[in-house]
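Right, one structure below, let's go through it.
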Amino acid sequence: MLTKLGKTDLSIYPLGFGGIPIQRISFEKAKTVILKAKELGINFIDTAQGYSDSEEKIGFAINEDKNYWVLASKSPARDSKEMEKAVTNCLKHFRRDFIDLYQLHLISSIDELQLVLGKNGAMETLLKYKEKGYIKYIGITGHKPQVLKEALDIFPFDTVQAPYNPLETQSEELLKYASLKGVGTIIMKPFAGGALTSPSGCIKYILSKDFVDVVIPGMERVEQVEENFRASLDLKITEEEKMGILQDIHQLKNNFCRRCDYCQPCPQGIKISTVFILHGYLSRYGLKDWATSRYQSLPIPANKCTNCGVCERKCPYELPIRQMLQKSHNDFQK
Ligand code: SF4
Ligand code: SF4
């Protein structure tokens with residue numbers, strides 16, 4: 001059954017299609033997987049400028065019935081010129097003359113948001129393009145619930161996208177707040193970046209929350225689409241799924257980064273949670289080249305850690321950050 005995305009006029013199936021993993025399959029395979037999703041009734045796809053050729057593969061896959069789809073993308077552009085490039089390319093990649101939802105990708109502070117909203121900021125482009133009909137709605141994404149919650153009071157975003165799953169529930173207050181305001185809620189990282197091993201249990205857990213509009217697991221195989229879709233049909237969590245989730249939570253309790261950034265700032269300038277996110281893409285998603293090139297473009301690599309221990313004293317999950325950084329760095333060198 002379709003549902004509305006917040007107060008927008010977009011009607012979507014609550015299980016959406018996350019566009020990260022199709023980066024590592026061919027155009028033809030991506031088309032097969034996306035068309036399977038369509039056959040089942042899935043109609044929302046979310047991707048990003050930064051997911052290499054994902055936008056292009058989506059455009060290729062949907063070409064024969066492009067207006068069936070509700071398409072979303074996002075960009076880390078913070079100024080108007082960069083945003084112009086991002087949206088123009090996205091329209092070209094999608095092969096459509098409009099994008100249903102365009103989002104600010106990973107806003108991590110209010111200062112960053114103010115930059116976007118200020119003179120020559122990226123929002124100037126989004127508003128101009130919305131007026132011209134190239135974009136229907138504007139959303140915001142990020143990993144910091146407090147920042148996103150504040151952002152919803154600063155600008156009338158149509159949607160908010162944040163991580164949420166049985167292990168990472170820190171966005172719950174934000175999502176409830178957004179839902180009450182009529183802001184569409186989009187759930188990324190439903191399996192904690194591949195760390196949770198019961199996809200069906202996670203989908204059921206997430207979709208049973210009334211403050212969730214749509215969950216967007218990344219998919220690259222037909223069987224994955226079918227399994228996730230089956231889970232969306234009956235939200236009753238089985239004993240086996242429950243045990244799987246509980247075991248994962250127990251195992252990951254002290255070695256999984258929840259991206260809260262309480263450990264920041266690092267005196268050396270290491271973006272600790274970003275290193276761990278990229279390491280997750282390397283170790284659990286198998287996106288070696290993409291994750292490695294992103295890691296290499298970080299201004300400060302993890303091996304610049306001086307072992308001062310400041311971050312570990314601030315991490316509420318008592319993670320062995322220094323050890324995890326060292327391992328991440330070593331894995332990126334292999
Ligand atoms: S231990 Fe390393 S990562 Fe942590 S604050 Fe110190 S230098 Fe930064
Ligand atoms: S290392 Fe700890 S404090 Fe830092 S982002 Fe991850 S969970 Fe939060």
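Starting from 1 in every chain, residues are counted up; chains themselves are A, B, ... following the order of the structure tokens, and ligands are numbered from 1 as listed.
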
Worksheet item: Within 8 Å of ligand 2, counting only C-alpha atoms and all ligand atoms, which protein or nucleic acid residues do you find, written as JSON, numbers by chain?
Response: {"A": [256, 257, 258, 259, 260, 261, 262, 263, 264, 272, 273, 276, 311, 312, 314, 315, 316, 317, 318, 319, 321]}

Compile a residue-level contact table for chain A against ligand 1 at a cut-off of 7 Å, reporting for every qualifying residue the shortest atom pair and its distance in Å to one decimal, with only C-alpha atoms and all ligand atoms counted, rows ordered by chain and ascending number, as CSV.
residue,atom,partner,partner_atom_place_in_ligand_line,distance
A:Cys266,CA,ligand 1,5 (S),4.0
A:Pro267,CA,ligand 1,8 (Fe),5.6
A:Gln268,CA,ligand 1,7 (S),5.2
A:Gly269,CA,ligand 1,8 (Fe),6.8
A:Ile270,CA,ligand 1,8 (Fe),5.8
A:Ile272,CA,ligand 1,3 (S),6.4
A:Lys304,CA,ligand 1,7 (S),6.9
A:Cys305,CA,ligand 1,2 (Fe),3.7
A:Thr306,CA,ligand 1,7 (S),4.5
A:Asn307,CA,ligand 1,1 (S),4.0
A:Cys308,CA,ligand 1,6 (Fe),4.0
A:Gly309,CA,ligand 1,1 (S),3.9
A:Val310,CA,ligand 1,5 (S),4.5
A:Cys311,CA,ligand 1,4 (Fe),4.2
A:Glu312,CA,ligand 1,4 (Fe),6.4
A:Ile321,CA,ligand 1,4 (Fe),6.6
A:Arg322,CA,ligand 1,1 (S),5.5

Once you have the residues from the selection above, write them out as an mmCIF file, in the first residue's frame, restricted to C-alpha atoms.
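The result, written out as out16.cif:
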data_model
loop_
_atom_site.group_PDB
_atom_site.id
_atom_site.type_symbol
_atom_site.label_atom_id
_atom_site.label_comp_id
_atom_site.auth_asym_id
_atom_site.auth_seq_id
_atom_site.Cartn_x
_atom_site.Cartn_y
_atom_site.Cartn_z
ATOM 1 C CA CYS A 266 40.236 15.304 17.632
ATOM 2 C CA PRO A 267 43.303 17.522 18.258
ATOM 3 C CA GLN A 268 44.878 16.048 15.107
ATOM 4 C CA GLY A 269 41.784 16.786 13.028
ATOM 5 C CA ILE A 270 40.960 13.143 12.301
ATOM 6 C CA ILE A 272 36.868 9.625 13.356
ATOM 7 C CA LYS A 304 48.065 10.555 12.212
ATOM 8 C CA CYS A 305 46.513 9.564 15.539
ATOM 9 C CA THR A 306 48.947 10.363 18.358
ATOM 10 C CA ASN A 307 47.218 8.054 20.826
ATOM 11 C CA CYS A 308 46.301 10.915 23.142
ATOM 12 C CA GLY A 309 43.085 9.091 24.129
ATOM 13 C CA VAL A 310 40.934 12.255 24.307
ATOM 14 C CA CYS A 311 38.346 10.774 21.957
ATOM 15 C CA GLU A 312 37.940 7.538 23.884
ATOM 16 C CA ILE A 321 38.762 4.184 18.912
ATOM 17 C CA ARG A 322 42.547 4.176 18.621
#

Which residues of segment 26-124 of chain A come within 12 Å of segment 158-169 of chain A, and what is each one's closest atom pair and distance in Å (one decimal), counting only C-alpha atoms, sorted by chain and residue number, as CSV?
residue,atom,partner,partner_atom,distance
A:Asp46,CA,A:Gln161,CA,10.3
A:Thr47,CA,A:Gln161,CA,11.9
A:Ala72,CA,A:Thr159,CA,10.7
A:Ser73,CA,A:Gln161,CA,11.4
A:Lys74,CA,A:Gln161,CA,10.6
A:Asp100,CA,A:Asp158,CA,11.0
A:Leu101,CA,A:Thr159,CA,8.4
A:Tyr102,CA,A:Thr159,CA,9.5
A:Gln103,CA,A:Thr159,CA,8.2
A:Leu104,CA,A:Val160,CA,9.6
A:His105,CA,A:Gln161,CA,9.2
A:Leu106,CA,A:Ala162,CA,9.1
A:Ile107,CA,A:Gln161,CA,10.5
A:Ser108,CA,A:Ala162,CA,11.5

Generate a file of the selected residues that holds N, CA, C and O atoms, formatted as a PDB file, in the first residue's frame.
ATOM      1  N   ASP A  46      16.363   6.314  -3.901  1.00  0.00           N
ATOM      2  CA  ASP A  46      17.198   7.387  -3.361  1.00  0.00           C
ATOM      3  C   ASP A  46      18.649   7.110  -3.720  1.00  0.00           C
ATOM      4  O   ASP A  46      19.143   5.991  -3.548  1.00  0.00           O
ATOM      5  N   THR A  47      19.321   8.123  -4.235  1.00  0.00           N
ATOM      6  CA  THR A  47      20.739   7.970  -4.537  1.00  0.00           C
ATOM      7  C   THR A  47      21.463   9.268  -4.194  1.00  0.00           C
ATOM      8  O   THR A  47      20.918  10.104  -3.459  1.00  0.00           O
ATOM      9  N   ALA A  72      14.849  10.432  -5.850  1.00  0.00           N
ATOM     10  CA  ALA A  72      15.512  11.367  -4.929  1.00  0.00           C
ATOM     11  C   ALA A  72      17.020  11.261  -5.110  1.00  0.00           C
ATOM     12  O   ALA A  72      17.553  10.167  -5.312  1.00  0.00           O
ATOM     13  N   SER A  73      17.687  12.401  -5.026  1.00  0.00           N
ATOM     14  CA  SER A  73      19.149  12.381  -4.986  1.00  0.00           C
ATOM     15  C   SER A  73      19.616  13.474  -4.029  1.00  0.00           C
ATOM     16  O   SER A  73      18.781  14.169  -3.411  1.00  0.00           O
ATOM     17  N   LYS A  74      20.908  13.608  -3.916  1.00  0.00           N
ATOM     18  CA  LYS A  74      21.437  14.584  -2.949  1.00  0.00           C
ATOM     19  C   LYS A  74      22.870  14.949  -3.308  1.00  0.00           C
ATOM     20  O   LYS A  74      23.540  14.195  -4.025  1.00  0.00           O
ATOM     21  N   ASP A 100      12.072  14.445  -8.114  1.00  0.00           N
ATOM     22  CA  ASP A 100      11.014  14.600  -7.102  1.00  0.00           C
ATOM     23  C   ASP A 100      11.537  15.225  -5.810  1.00  0.00           C
ATOM     24  O   ASP A 100      10.868  16.061  -5.204  1.00  0.00           O
ATOM     25  N   LEU A 101      12.723  14.771  -5.408  1.00  0.00           N
ATOM     26  CA  LEU A 101      13.258  15.248  -4.128  1.00  0.00           C
ATOM     27  C   LEU A 101      14.757  15.453  -4.263  1.00  0.00           C
ATOM     28  O   LEU A 101      15.474  14.537  -4.680  1.00  0.00           O
ATOM     29  N   TYR A 102      15.221  16.650  -3.921  1.00  0.00           N
ATOM     30  CA  TYR A 102      16.665  16.864  -3.918  1.00  0.00           C
ATOM     31  C   TYR A 102      17.074  17.259  -2.502  1.00  0.00           C
ATOM     32  O   TYR A 102      16.442  18.105  -1.868  1.00  0.00           O
ATOM     33  N   GLN A 103      18.139  16.635  -2.014  1.00  0.00           N
ATOM     34  CA  GLN A 103      18.484  16.805  -0.601  1.00  0.00           C
ATOM     35  C   GLN A 103      19.896  17.363  -0.404  1.00  0.00           C
ATOM     36  O   GLN A 103      20.797  17.117  -1.208  1.00  0.00           O
ATOM     37  N   LEU A 104      20.056  18.079   0.689  1.00  0.00           N
ATOM     38  CA  LEU A 104      21.388  18.496   1.118  1.00  0.00           C
ATOM     39  C   LEU A 104      22.017  17.265   1.748  1.00  0.00           C
ATOM     40  O   LEU A 104      21.462  16.692   2.692  1.00  0.00           O
ATOM     41  N   HIS A 105      23.158  16.847   1.234  1.00  0.00           N
ATOM     42  CA  HIS A 105      23.774  15.601   1.696  1.00  0.00           C
ATOM     43  C   HIS A 105      24.663  15.852   2.911  1.00  0.00           C
ATOM     44  O   HIS A 105      25.559  16.679   2.881  1.00  0.00           O
ATOM     45  N   LEU A 106      24.371  15.141   3.969  1.00  0.00           N
ATOM     46  CA  LEU A 106      25.202  15.126   5.176  1.00  0.00           C
ATOM     47  C   LEU A 106      25.515  16.505   5.759  1.00  0.00           C
ATOM     48  O   LEU A 106      26.675  16.930   5.809  1.00  0.00           O
ATOM     49  N   ILE A 107      24.489  17.160   6.226  1.00  0.00           N
ATOM     50  CA  ILE A 107      24.699  18.413   6.962  1.00  0.00           C
ATOM     51  C   ILE A 107      25.106  18.031   8.389  1.00  0.00           C
ATOM     52  O   ILE A 107      24.396  17.300   9.075  1.00  0.00           O
ATOM     53  N   SER A 108      26.296  18.516   8.814  1.00  0.00           N
ATOM     54  CA  SER A 108      26.762  18.049  10.120  1.00  0.00           C
ATOM     55  C   SER A 108      26.851  19.139  11.182  1.00  0.00           C
ATOM     56  O   SER A 108      27.225  18.860  12.322  1.00  0.00           O
TER      57      SER A 108
END

List every residue of segment 77-145 of chain A that DSSP, applied to the backbone, labels as strand (DSSP E), and write the result as a PDB file with N, CA, C and O atoms, in the first residue's frame.
ATOM      1  N   ILE A  99      13.254  16.248 -10.814  1.00  0.00           N
ATOM      2  CA  ILE A  99      13.645  15.320  -9.737  1.00  0.00           C
ATOM      3  C   ILE A  99      12.620  15.526  -8.632  1.00  0.00           C
ATOM      4  O   ILE A  99      12.328  16.669  -8.250  1.00  0.00           O
ATOM      5  N   ASP A 100      12.072  14.445  -8.114  1.00  0.00           N
ATOM      6  CA  ASP A 100      11.014  14.600  -7.102  1.00  0.00           C
ATOM      7  C   ASP A 100      11.537  15.225  -5.810  1.00  0.00           C
ATOM      8  O   ASP A 100      10.868  16.061  -5.204  1.00  0.00           O
ATOM      9  N   LEU A 101      12.723  14.771  -5.408  1.00  0.00           N
ATOM     10  CA  LEU A 101      13.258  15.248  -4.128  1.00  0.00           C
ATOM     11  C   LEU A 101      14.757  15.453  -4.263  1.00  0.00           C
ATOM     12  O   LEU A 101      15.474  14.537  -4.680  1.00  0.00           O
ATOM     13  N   TYR A 102      15.221  16.650  -3.921  1.00  0.00           N
ATOM     14  CA  TYR A 102      16.665  16.864  -3.918  1.00  0.00           C
ATOM     15  C   TYR A 102      17.074  17.259  -2.502  1.00  0.00           C
ATOM     16  O   TYR A 102      16.442  18.105  -1.868  1.00  0.00           O
ATOM     17  N   GLN A 103      18.139  16.635  -2.014  1.00  0.00           N
ATOM     18  CA  GLN A 103      18.484  16.805  -0.601  1.00  0.00           C
ATOM     19  C   GLN A 103      19.896  17.363  -0.404  1.00  0.00           C
ATOM     20  O   GLN A 103      20.797  17.117  -1.208  1.00  0.00           O
ATOM     21  N   LEU A 104      20.056  18.079   0.689  1.00  0.00           N
ATOM     22  CA  LEU A 104      21.388  18.496   1.118  1.00  0.00           C
ATOM     23  C   LEU A 104      22.017  17.265   1.748  1.00  0.00           C
ATOM     24  O   LEU A 104      21.462  16.692   2.692  1.00  0.00           O
ATOM     25  N   ILE A 135      12.923  20.675  -9.615  1.00  0.00           N
ATOM     26  CA  ILE A 135      12.918  19.946  -8.341  1.00  0.00           C
ATOM     27  C   ILE A 135      11.532  20.136  -7.732  1.00  0.00           C
ATOM     28  O   ILE A 135      11.013  21.254  -7.750  1.00  0.00           O
ATOM     29  N   LYS A 136      10.978  19.055  -7.201  1.00  0.00           N
ATOM     30  CA  LYS A 136       9.659  19.248  -6.576  1.00  0.00           C
ATOM     31  C   LYS A 136       9.778  19.579  -5.088  1.00  0.00           C
ATOM     32  O   LYS A 136       9.052  20.413  -4.566  1.00  0.00           O
ATOM     33  N   TYR A 137      10.663  18.869  -4.409  1.00  0.00           N
ATOM     34  CA  TYR A 137      10.781  19.048  -2.953  1.00  0.00           C
ATOM     35  C   TYR A 137      12.245  19.089  -2.539  1.00  0.00           C
ATOM     36  O   TYR A 137      13.113  18.568  -3.243  1.00  0.00           O
ATOM     37  N   ILE A 138      12.462  19.694  -1.359  1.00  0.00           N
ATOM     38  CA  ILE A 138      13.831  19.851  -0.857  1.00  0.00           C
ATOM     39  C   ILE A 138      13.954  19.167   0.503  1.00  0.00           C
ATOM     40  O   ILE A 138      13.132  19.390   1.410  1.00  0.00           O
ATOM     41  N   GLY A 139      14.982  18.352   0.641  1.00  0.00           N
ATOM     42  CA  GLY A 139      15.175  17.631   1.906  1.00  0.00           C
ATOM     43  C   GLY A 139      16.568  17.829   2.468  1.00  0.00           C
ATOM     44  O   GLY A 139      17.445  18.438   1.836  1.00  0.00           O
ATOM     45  N   ILE A 140      16.762  17.286   3.654  1.00  0.00           N
ATOM     46  CA  ILE A 140      18.065  17.372   4.328  1.00  0.00           C
ATOM     47  C   ILE A 140      18.430  15.978   4.835  1.00  0.00           C
ATOM     48  O   ILE A 140      17.549  15.205   5.237  1.00  0.00           O
ATOM     49  N   THR A 141      19.724  15.662   4.800  1.00  0.00           N
ATOM     50  CA  THR A 141      20.174  14.370   5.330  1.00  0.00           C
ATOM     51  C   THR A 141      21.359  14.601   6.254  1.00  0.00           C
ATOM     52  O   THR A 141      22.045  15.626   6.155  1.00  0.00           O
TER      53      THR A 141
END

Worksheet item: So which residues of segment 186-328 of chain A fall under alpha helix (DSSP H) by DSSP, listed as a ChimeraX atom specification?
Response: /A:199-207,222-233,239-252,272-283,288-296,310-314,321-328

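Taking atom CA of Asp234 of chain A and atom CA of Ile58 of chain A as endpoints, the distance between them is 28.0 Å.
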
Worksheet item: Within 12 Å of segment 189-191 of chain A, counting only C-alpha atoms, which residues qualify if same-chain residues fewer than 4 places away don't, as a PyMOL selection string?
Response: chain A and resi 15-20+141-143+161-169+171+195-207+212+214-219+228+245+248-249+258-259+277+280-281+284-285

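Among the candidates A:Ile186, A:Leu233, A:Leu246, A:Val147, the one nearest to Gly41 of chain A when counting only C-alpha atoms is A:Leu233.
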
Fill in: Residues near Lys176 of chain A, cut-off 6 Å, only C-alpha atoms, skip fewer than 3 positions along chain, as a ChimeraX atom specification
/A:173,179,211

Item to complete: Please identify all polymer residues within 12 Å of Asp53 of chain A, counting only C-alpha atoms, omitting same-chain residues fewer than 2 positions from it, and present them as a ChimeraX atom specification.
Response: /A:19-27,30,47-51,55-60,89-90,93-94,290

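Residues surrounding Glu84 of chain A within 10 Å are Ala77, Asp79, Ser80, Thr88, Asn89, Cys90, Ala122, Glu124, Thr125, Leu126, Lys128 and Tyr129 of chain A [only C-alpha atoms; sequence separation below 4 positions excluded].
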
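The nearest approach to Lys334 of chain A among the residues A:Val222, A:Met1, A:Leu282, A:Leu71, with only C-alpha atoms taken into account, belongs to A:Leu282.
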
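Excluding Leu5 of chain A itself and any same-chain residue fewer than 6 positions from it, the protein and nucleic acid residues within 7 Å of it, counting only C-alpha atoms, are Ser11, Ile12, Gly184 and Asp213 of chain A.
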
Same residues, all heavy atoms, saved as a PDB file, in the first residue's frame:
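This is the output file again.pdb:
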ATOM      1  N   SER A  11       3.363   9.876  -3.430  1.00  0.00           N
ATOM      2  CA  SER A  11       2.844   8.617  -2.888  1.00  0.00           C
ATOM      3  C   SER A  11       3.877   7.537  -3.131  1.00  0.00           C
ATOM      4  O   SER A  11       4.244   7.270  -4.282  1.00  0.00           O
ATOM      5  CB  SER A  11       1.548   8.226  -3.601  1.00  0.00           C
ATOM      6  OG  SER A  11       0.544   9.122  -3.251  1.00  0.00           O
ATOM      7  N   ILE A  12       4.324   6.929  -2.038  1.00  0.00           N
ATOM      8  CA  ILE A  12       5.415   5.952  -2.194  1.00  0.00           C
ATOM      9  C   ILE A  12       5.120   4.679  -1.426  1.00  0.00           C
ATOM     10  O   ILE A  12       4.407   4.689  -0.411  1.00  0.00           O
ATOM     11  CB  ILE A  12       6.758   6.537  -1.697  1.00  0.00           C
ATOM     12  CG1 ILE A  12       6.604   7.071  -0.262  1.00  0.00           C
ATOM     13  CG2 ILE A  12       7.266   7.621  -2.613  1.00  0.00           C
ATOM     14  CD1 ILE A  12       7.929   7.390   0.381  1.00  0.00           C
ATOM     15  N   GLY A 184       8.541  14.607   5.835  1.00  0.00           N
ATOM     16  CA  GLY A 184       8.699  13.198   5.444  1.00  0.00           C
ATOM     17  C   GLY A 184       9.943  12.592   6.079  1.00  0.00           C
ATOM     18  O   GLY A 184      10.994  13.232   6.118  1.00  0.00           O
ATOM     19  N   ASP A 213       8.297   7.066   7.327  1.00  0.00           N
ATOM     20  CA  ASP A 213       7.567   7.027   6.053  1.00  0.00           C
ATOM     21  C   ASP A 213       8.147   5.982   5.102  1.00  0.00           C
ATOM     22  O   ASP A 213       7.416   5.244   4.465  1.00  0.00           O
ATOM     23  CB  ASP A 213       7.602   8.402   5.357  1.00  0.00           C
ATOM     24  CG  ASP A 213       6.712   9.410   6.069  1.00  0.00           C
ATOM     25  OD1 ASP A 213       5.760   8.991   6.749  1.00  0.00           O
ATOM     26  OD2 ASP A 213       6.993  10.622   5.956  1.00  0.00           O
TER      27      ASP A 213
END

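In this model, the gap between atom CA of Phe44 of chain A and atom CA of Pro76 of chain A comes to 20.9 Å.
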
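For the pair atom CA of Ser208 of chain A and atom CA of Leu278 of chain A, the separation is 29.2 Å.
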
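Closest to Leu113 of chain A among A:Met243, A:Leu152, A:Val183, A:Ile62 is A:Leu152, based on only C-alpha atoms.
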